[in-house]
$ cat protein_13.cif   # mmCIF, N, CA and C atoms
data_structure
loop_
_atom_site.group_PDB
_atom_site.id
_atom_site.type_symbol
_atom_site.label_atom_id
_atom_site.label_comp_id
_atom_site.auth_asym_id
_atom_site.auth_seq_id
_atom_site.Cartn_x
_atom_site.Cartn_y
_atom_site.Cartn_z
ATOM 1 N N MET A 1 21.345 -8.088 31.022
ATOM 2 C CA MET A 1 21.313 -8.091 32.466
ATOM 3 C C MET A 1 20.491 -6.901 32.921
ATOM 4 N N LEU A 2 19.511 -7.143 33.744
ATOM 5 C CA LEU A 2 18.698 -6.077 34.323
ATOM 6 C C LEU A 2 19.035 -5.988 35.806
ATOM 7 N N SER A 3 19.162 -4.769 36.315
ATOM 8 C CA SER A 3 19.548 -4.602 37.701
ATOM 9 C C SER A 3 18.775 -3.471 38.354
ATOM 10 N N GLU A 4 18.405 -3.685 39.609
ATOM 11 C CA GLU A 4 17.763 -2.648 40.414
ATOM 12 C C GLU A 4 18.740 -2.105 41.455
ATOM 13 N N ASP A 5 20.026 -2.320 41.237
ATOM 14 C CA ASP A 5 21.048 -1.896 42.187
ATOM 15 C C ASP A 5 21.308 -0.388 42.144
ATOM 16 N N PHE A 6 20.833 0.286 41.124
ATOM 17 C CA PHE A 6 21.126 1.707 40.941
ATOM 18 C C PHE A 6 19.840 2.523 40.901
ATOM 19 N N GLY A 7 19.918 3.741 41.409
ATOM 20 C CA GLY A 7 18.766 4.626 41.419
ATOM 21 C C GLY A 7 18.447 5.216 40.064
ATOM 22 N N GLY A 8 19.405 5.248 39.177
ATOM 23 C CA GLY A 8 19.191 5.818 37.854
ATOM 24 C C GLY A 8 20.395 5.612 36.953
ATOM 25 N N GLU A 9 20.290 6.158 35.746
ATOM 26 C CA GLU A 9 21.337 5.987 34.743
ATOM 27 C C GLU A 9 22.682 6.553 35.201
ATOM 28 N N ARG A 10 22.660 7.748 35.757
ATOM 29 C CA ARG A 10 23.908 8.394 36.178
ATOM 30 C C ARG A 10 24.624 7.556 37.248
ATOM 31 N N GLU A 11 23.877 7.080 38.225
ATOM 32 C CA GLU A 11 24.460 6.270 39.292
ATOM 33 C C GLU A 11 25.060 4.975 38.731
ATOM 34 N N ALA A 12 24.373 4.354 37.785
ATOM 35 C CA ALA A 12 24.876 3.127 37.165
ATOM 36 C C ALA A 12 26.160 3.394 36.399
ATOM 37 N N LEU A 13 26.176 4.454 35.607
ATOM 38 C CA LEU A 13 27.374 4.786 34.836
ATOM 39 C C LEU A 13 28.559 5.108 35.744
ATOM 40 N N GLU A 14 28.312 5.821 36.833
ATOM 41 C CA GLU A 14 29.383 6.145 37.774
ATOM 42 C C GLU A 14 29.959 4.880 38.415
ATOM 43 N N ALA A 15 29.089 3.946 38.792
ATOM 44 C CA ALA A 15 29.548 2.692 39.397
ATOM 45 C C ALA A 15 30.358 1.865 38.403
ATOM 46 N N ILE A 16 29.903 1.814 37.162
ATOM 47 C CA ILE A 16 30.626 1.065 36.127
ATOM 48 C C ILE A 16 31.978 1.711 35.855
ATOM 49 N N ALA A 17 31.998 3.026 35.711
ATOM 50 C CA ALA A 17 33.249 3.737 35.444
ATOM 51 C C ALA A 17 34.237 3.566 36.592
ATOM 52 N N GLN A 18 33.757 3.648 37.830
ATOM 53 C CA GLN A 18 34.633 3.491 38.985
ATOM 54 C C GLN A 18 35.225 2.083 39.029
ATOM 55 N N ALA A 19 34.397 1.071 38.767
ATOM 56 C CA ALA A 19 34.887 -0.308 38.755
ATOM 57 C C ALA A 19 35.925 -0.505 37.656
ATOM 58 N N LEU A 20 35.696 0.093 36.488
ATOM 59 C CA LEU A 20 36.674 0.002 35.400
ATOM 60 C C LEU A 20 37.982 0.672 35.786
ATOM 61 N N ASP A 21 37.901 1.869 36.361
ATOM 62 C CA ASP A 21 39.102 2.606 36.774
ATOM 63 C C ASP A 21 39.906 1.843 37.816
ATOM 64 N N GLU A 22 39.209 1.172 38.712
ATOM 65 C CA GLU A 22 39.862 0.437 39.791
ATOM 66 C C GLU A 22 40.223 -0.993 39.389
ATOM 67 N N ARG A 23 39.920 -1.361 38.140
ATOM 68 C CA ARG A 23 40.198 -2.699 37.601
ATOM 69 C C ARG A 23 39.646 -3.796 38.501
ATOM 70 N N ARG A 24 38.373 -3.629 38.861
ATOM 71 C CA ARG A 24 37.716 -4.626 39.698
ATOM 72 C C ARG A 24 36.392 -5.038 39.065
ATOM 73 N N SER A 25 35.824 -6.087 39.588
ATOM 74 C CA SER A 25 34.530 -6.573 39.098
ATOM 75 C C SER A 25 33.406 -5.698 39.629
ATOM 76 N N LEU A 26 32.294 -5.736 38.938
ATOM 77 C CA LEU A 26 31.092 -5.031 39.366
ATOM 78 C C LEU A 26 30.183 -6.052 40.047
ATOM 79 N N VAL A 27 29.796 -5.768 41.278
ATOM 80 C CA VAL A 27 28.956 -6.682 42.043
ATOM 81 C C VAL A 27 27.532 -6.132 42.066
ATOM 82 N N LEU A 28 26.598 -6.934 41.579
ATOM 83 C CA LEU A 28 25.183 -6.576 41.587
ATOM 84 C C LEU A 28 24.466 -7.515 42.552
ATOM 85 N N THR A 29 23.647 -6.967 43.435
ATOM 86 C CA THR A 29 22.933 -7.810 44.394
ATOM 87 C C THR A 29 21.483 -8.063 43.988
ATOM 88 N N HIS A 30 20.942 -7.223 43.098
ATOM 89 C CA HIS A 30 19.555 -7.374 42.641
ATOM 90 C C HIS A 30 19.540 -7.393 41.119
ATOM 91 N N ALA A 31 19.886 -8.529 40.540
ATOM 92 C CA ALA A 31 19.996 -8.616 39.089
ATOM 93 C C ALA A 31 19.138 -9.745 38.534
ATOM 94 N N ARG A 32 18.692 -9.547 37.305
ATOM 95 C CA ARG A 32 17.953 -10.574 36.574
ATOM 96 C C ARG A 32 18.617 -10.725 35.213
ATOM 97 N N TYR A 33 18.666 -11.928 34.723
ATOM 98 C CA TYR A 33 19.235 -12.186 33.408
ATOM 99 C C TYR A 33 18.127 -12.522 32.426
ATOM 100 N N ASP A 34 18.122 -11.837 31.310
ATOM 101 C CA ASP A 34 17.186 -12.138 30.212
ATOM 102 C C ASP A 34 15.732 -12.127 30.667
ATOM 103 N N ARG A 35 15.370 -11.176 31.519
ATOM 104 C CA ARG A 35 13.991 -10.962 31.967
ATOM 105 C C ARG A 35 13.406 -12.139 32.745
ATOM 106 N N GLU A 36 14.264 -12.899 33.420
ATOM 107 C CA GLU A 36 13.776 -13.979 34.272
ATOM 108 C C GLU A 36 12.993 -13.390 35.436
ATOM 109 N N ALA A 37 12.152 -14.200 36.064
ATOM 110 C CA ALA A 37 11.299 -13.710 37.145
ATOM 111 C C ALA A 37 12.081 -13.415 38.420
ATOM 112 N N GLY A 38 13.038 -14.276 38.790
ATOM 113 C CA GLY A 38 13.749 -14.131 40.051
ATOM 114 C C GLY A 38 14.985 -13.265 39.959
ATOM 115 N N GLN A 39 15.356 -12.675 41.096
ATOM 116 C CA GLN A 39 16.575 -11.877 41.177
ATOM 117 C C GLN A 39 17.650 -12.679 41.892
ATOM 118 N N SER A 40 18.891 -12.366 41.610
ATOM 119 C CA SER A 40 20.002 -13.011 42.296
ATOM 120 C C SER A 40 21.209 -12.084 42.269
ATOM 121 N N GLY A 41 22.249 -12.466 42.991
ATOM 122 C CA GLY A 41 23.489 -11.708 42.985
ATOM 123 C C GLY A 41 24.346 -12.122 41.798
ATOM 124 N N VAL A 42 25.049 -11.150 41.213
ATOM 125 C CA VAL A 42 25.880 -11.406 40.045
ATOM 126 C C VAL A 42 27.183 -10.626 40.186
ATOM 127 N N ILE A 43 28.288 -11.263 39.848
ATOM 128 C CA ILE A 43 29.574 -10.579 39.781
ATOM 129 C C ILE A 43 29.969 -10.514 38.311
ATOM 130 N N ILE A 44 30.223 -9.305 37.816
ATOM 131 C CA ILE A 44 30.569 -9.119 36.410
ATOM 132 C C ILE A 44 32.032 -8.734 36.315
ATOM 133 N N ASN A 45 32.811 -9.558 35.633
ATOM 134 C CA ASN A 45 34.215 -9.258 35.391
ATOM 135 C C ASN A 45 34.270 -8.293 34.208
ATOM 136 N N LEU A 46 34.513 -7.021 34.486
ATOM 137 C CA LEU A 46 34.463 -5.999 33.434
ATOM 138 C C LEU A 46 35.586 -6.141 32.413
ATOM 139 N N ALA A 47 36.598 -6.949 32.704
ATOM 140 C CA ALA A 47 37.648 -7.194 31.720
ATOM 141 C C ALA A 47 37.085 -7.946 30.519
ATOM 142 N N ASN A 48 35.960 -8.628 30.699
ATOM 143 C CA ASN A 48 35.349 -9.408 29.624
ATOM 144 C C ASN A 48 34.168 -8.700 28.966
ATOM 145 N N VAL A 49 33.850 -7.477 29.398
ATOM 146 C CA VAL A 49 32.695 -6.751 28.866
ATOM 147 C C VAL A 49 33.135 -5.887 27.686
ATOM 148 N N VAL A 50 32.427 -6.024 26.579
ATOM 149 C CA VAL A 50 32.746 -5.253 25.382
ATOM 150 C C VAL A 50 31.993 -3.932 25.371
ATOM 151 N N SER A 51 30.725 -3.947 25.752
ATOM 152 C CA SER A 51 29.938 -2.718 25.774
ATOM 153 C C SER A 51 28.859 -2.820 26.842
ATOM 154 N N VAL A 52 28.391 -1.657 27.274
ATOM 155 C CA VAL A 52 27.347 -1.573 28.287
ATOM 156 C C VAL A 52 26.336 -0.535 27.825
ATOM 157 N N ARG A 53 25.076 -0.872 27.912
ATOM 158 C CA ARG A 53 24.015 0.096 27.613
ATOM 159 C C ARG A 53 23.220 0.310 28.886
ATOM 160 N N VAL A 54 23.054 1.551 29.271
ATOM 161 C CA VAL A 54 22.308 1.894 30.475
ATOM 162 C C VAL A 54 21.046 2.629 30.050
ATOM 163 N N SER A 55 19.894 2.181 30.547
ATOM 164 C CA SER A 55 18.621 2.756 30.139
ATOM 165 C C SER A 55 17.631 2.685 31.284
ATOM 166 N N LYS A 56 16.717 3.639 31.348
ATOM 167 C CA LYS A 56 15.669 3.635 32.366
ATOM 168 C C LYS A 56 14.542 2.673 32.027
ATOM 169 N N THR A 57 14.378 2.344 30.766
ATOM 170 C CA THR A 57 13.279 1.477 30.353
ATOM 171 C C THR A 57 13.794 0.079 30.040
ATOM 172 N N ASP A 58 12.922 -0.883 30.156
ATOM 173 C CA ASP A 58 13.255 -2.272 29.861
ATOM 174 C C ASP A 58 12.402 -2.744 28.695
ATOM 175 N N SER A 59 13.020 -2.853 27.548
ATOM 176 C CA SER A 59 12.338 -3.417 26.390
ATOM 177 C C SER A 59 13.385 -4.022 25.476
ATOM 178 N N ALA A 60 12.951 -4.837 24.560
ATOM 179 C CA ALA A 60 13.893 -5.472 23.630
ATOM 180 C C ALA A 60 14.646 -4.418 22.829
ATOM 181 N N ALA A 61 14.019 -3.269 22.589
ATOM 182 C CA ALA A 61 14.652 -2.217 21.785
ATOM 183 C C ALA A 61 15.797 -1.520 22.535
ATOM 184 N N THR A 62 15.789 -1.534 23.881
ATOM 185 C CA THR A 62 16.819 -0.830 24.630
ATOM 186 C C THR A 62 18.078 -1.658 24.818
ATOM 187 N N GLY A 63 18.020 -2.953 24.588
ATOM 188 C CA GLY A 63 19.202 -3.778 24.729
ATOM 189 C C GLY A 63 19.514 -4.094 26.165
ATOM 190 N N GLN A 64 20.756 -4.419 26.429
ATOM 191 C CA GLN A 64 21.184 -4.823 27.763
ATOM 192 C C GLN A 64 21.219 -3.630 28.707
ATOM 193 N N TYR A 65 20.938 -3.867 29.956
ATOM 194 C CA TYR A 65 20.928 -2.826 30.982
ATOM 195 C C TYR A 65 21.791 -3.252 32.152
ATOM 196 N N LEU A 66 22.694 -2.395 32.537
ATOM 197 C CA LEU A 66 23.513 -2.629 33.734
ATOM 198 C C LEU A 66 23.357 -1.472 34.655
#
$ encode --input "protein_13.cif" --output "structure tokens"
Amino acid sequence: MLSEDFGGEREALEAIAQALDERRSLVLTHARYDREAGQSGVIINLANVVSVRVSKTDSAATGQYL
């Protein structure tokens, strides 16, 4: 998942941590899945997320980005 909802890595991690602490879903308004061309809104149920990788770059080597 690629998202432009955050200004940087720190902001993304803080939003993810806050959502986890509050036991709520993470809502993304500018997200793309698997490098698709279009953006859409996505709700992520963090209870089902095993791991999250946050990175400034988008490449196959960096893995998933939230």
$ closest_residue --input "protein_13.cif" --among "A:Glu9, A:Glu14, A:Ser3, A:Val52" --to "Leu28 of chain A" --atoms "only N, CA and C atoms"
A:Ser3
$ atom_distance --input "protein_13.cif" --atom1 "atom CA of Val42 of chain A" --atom2 "atom CA of His30 of chain A"
7.9 Å
$ select_by_dssp --input "protein_13.cif" --residues "chain A" --states "strand (DSSP E)" --output "PyMOL selection string"
chain A and resi 2-3+26-32+40-44
$ atom_distance --input "protein_13.cif" --atom1 "atom C of Met1 of chain A" --atom2 "atom C of Asp34 of chain A"
7.4 Å
$ resolve_selection --input "protein_13.cif" --expression "the PyMOL selection byres ((chain A and resi 29) around 8)" --output "number ranges by chain"
A: 3-5, 26-28, 30-32, 39-43
$ atom_distance --input "protein_13.cif" --atom1 "atom N of Asp21 of chain A" --atom2 "atom N of Asn45 of chain A"
12.5 Å
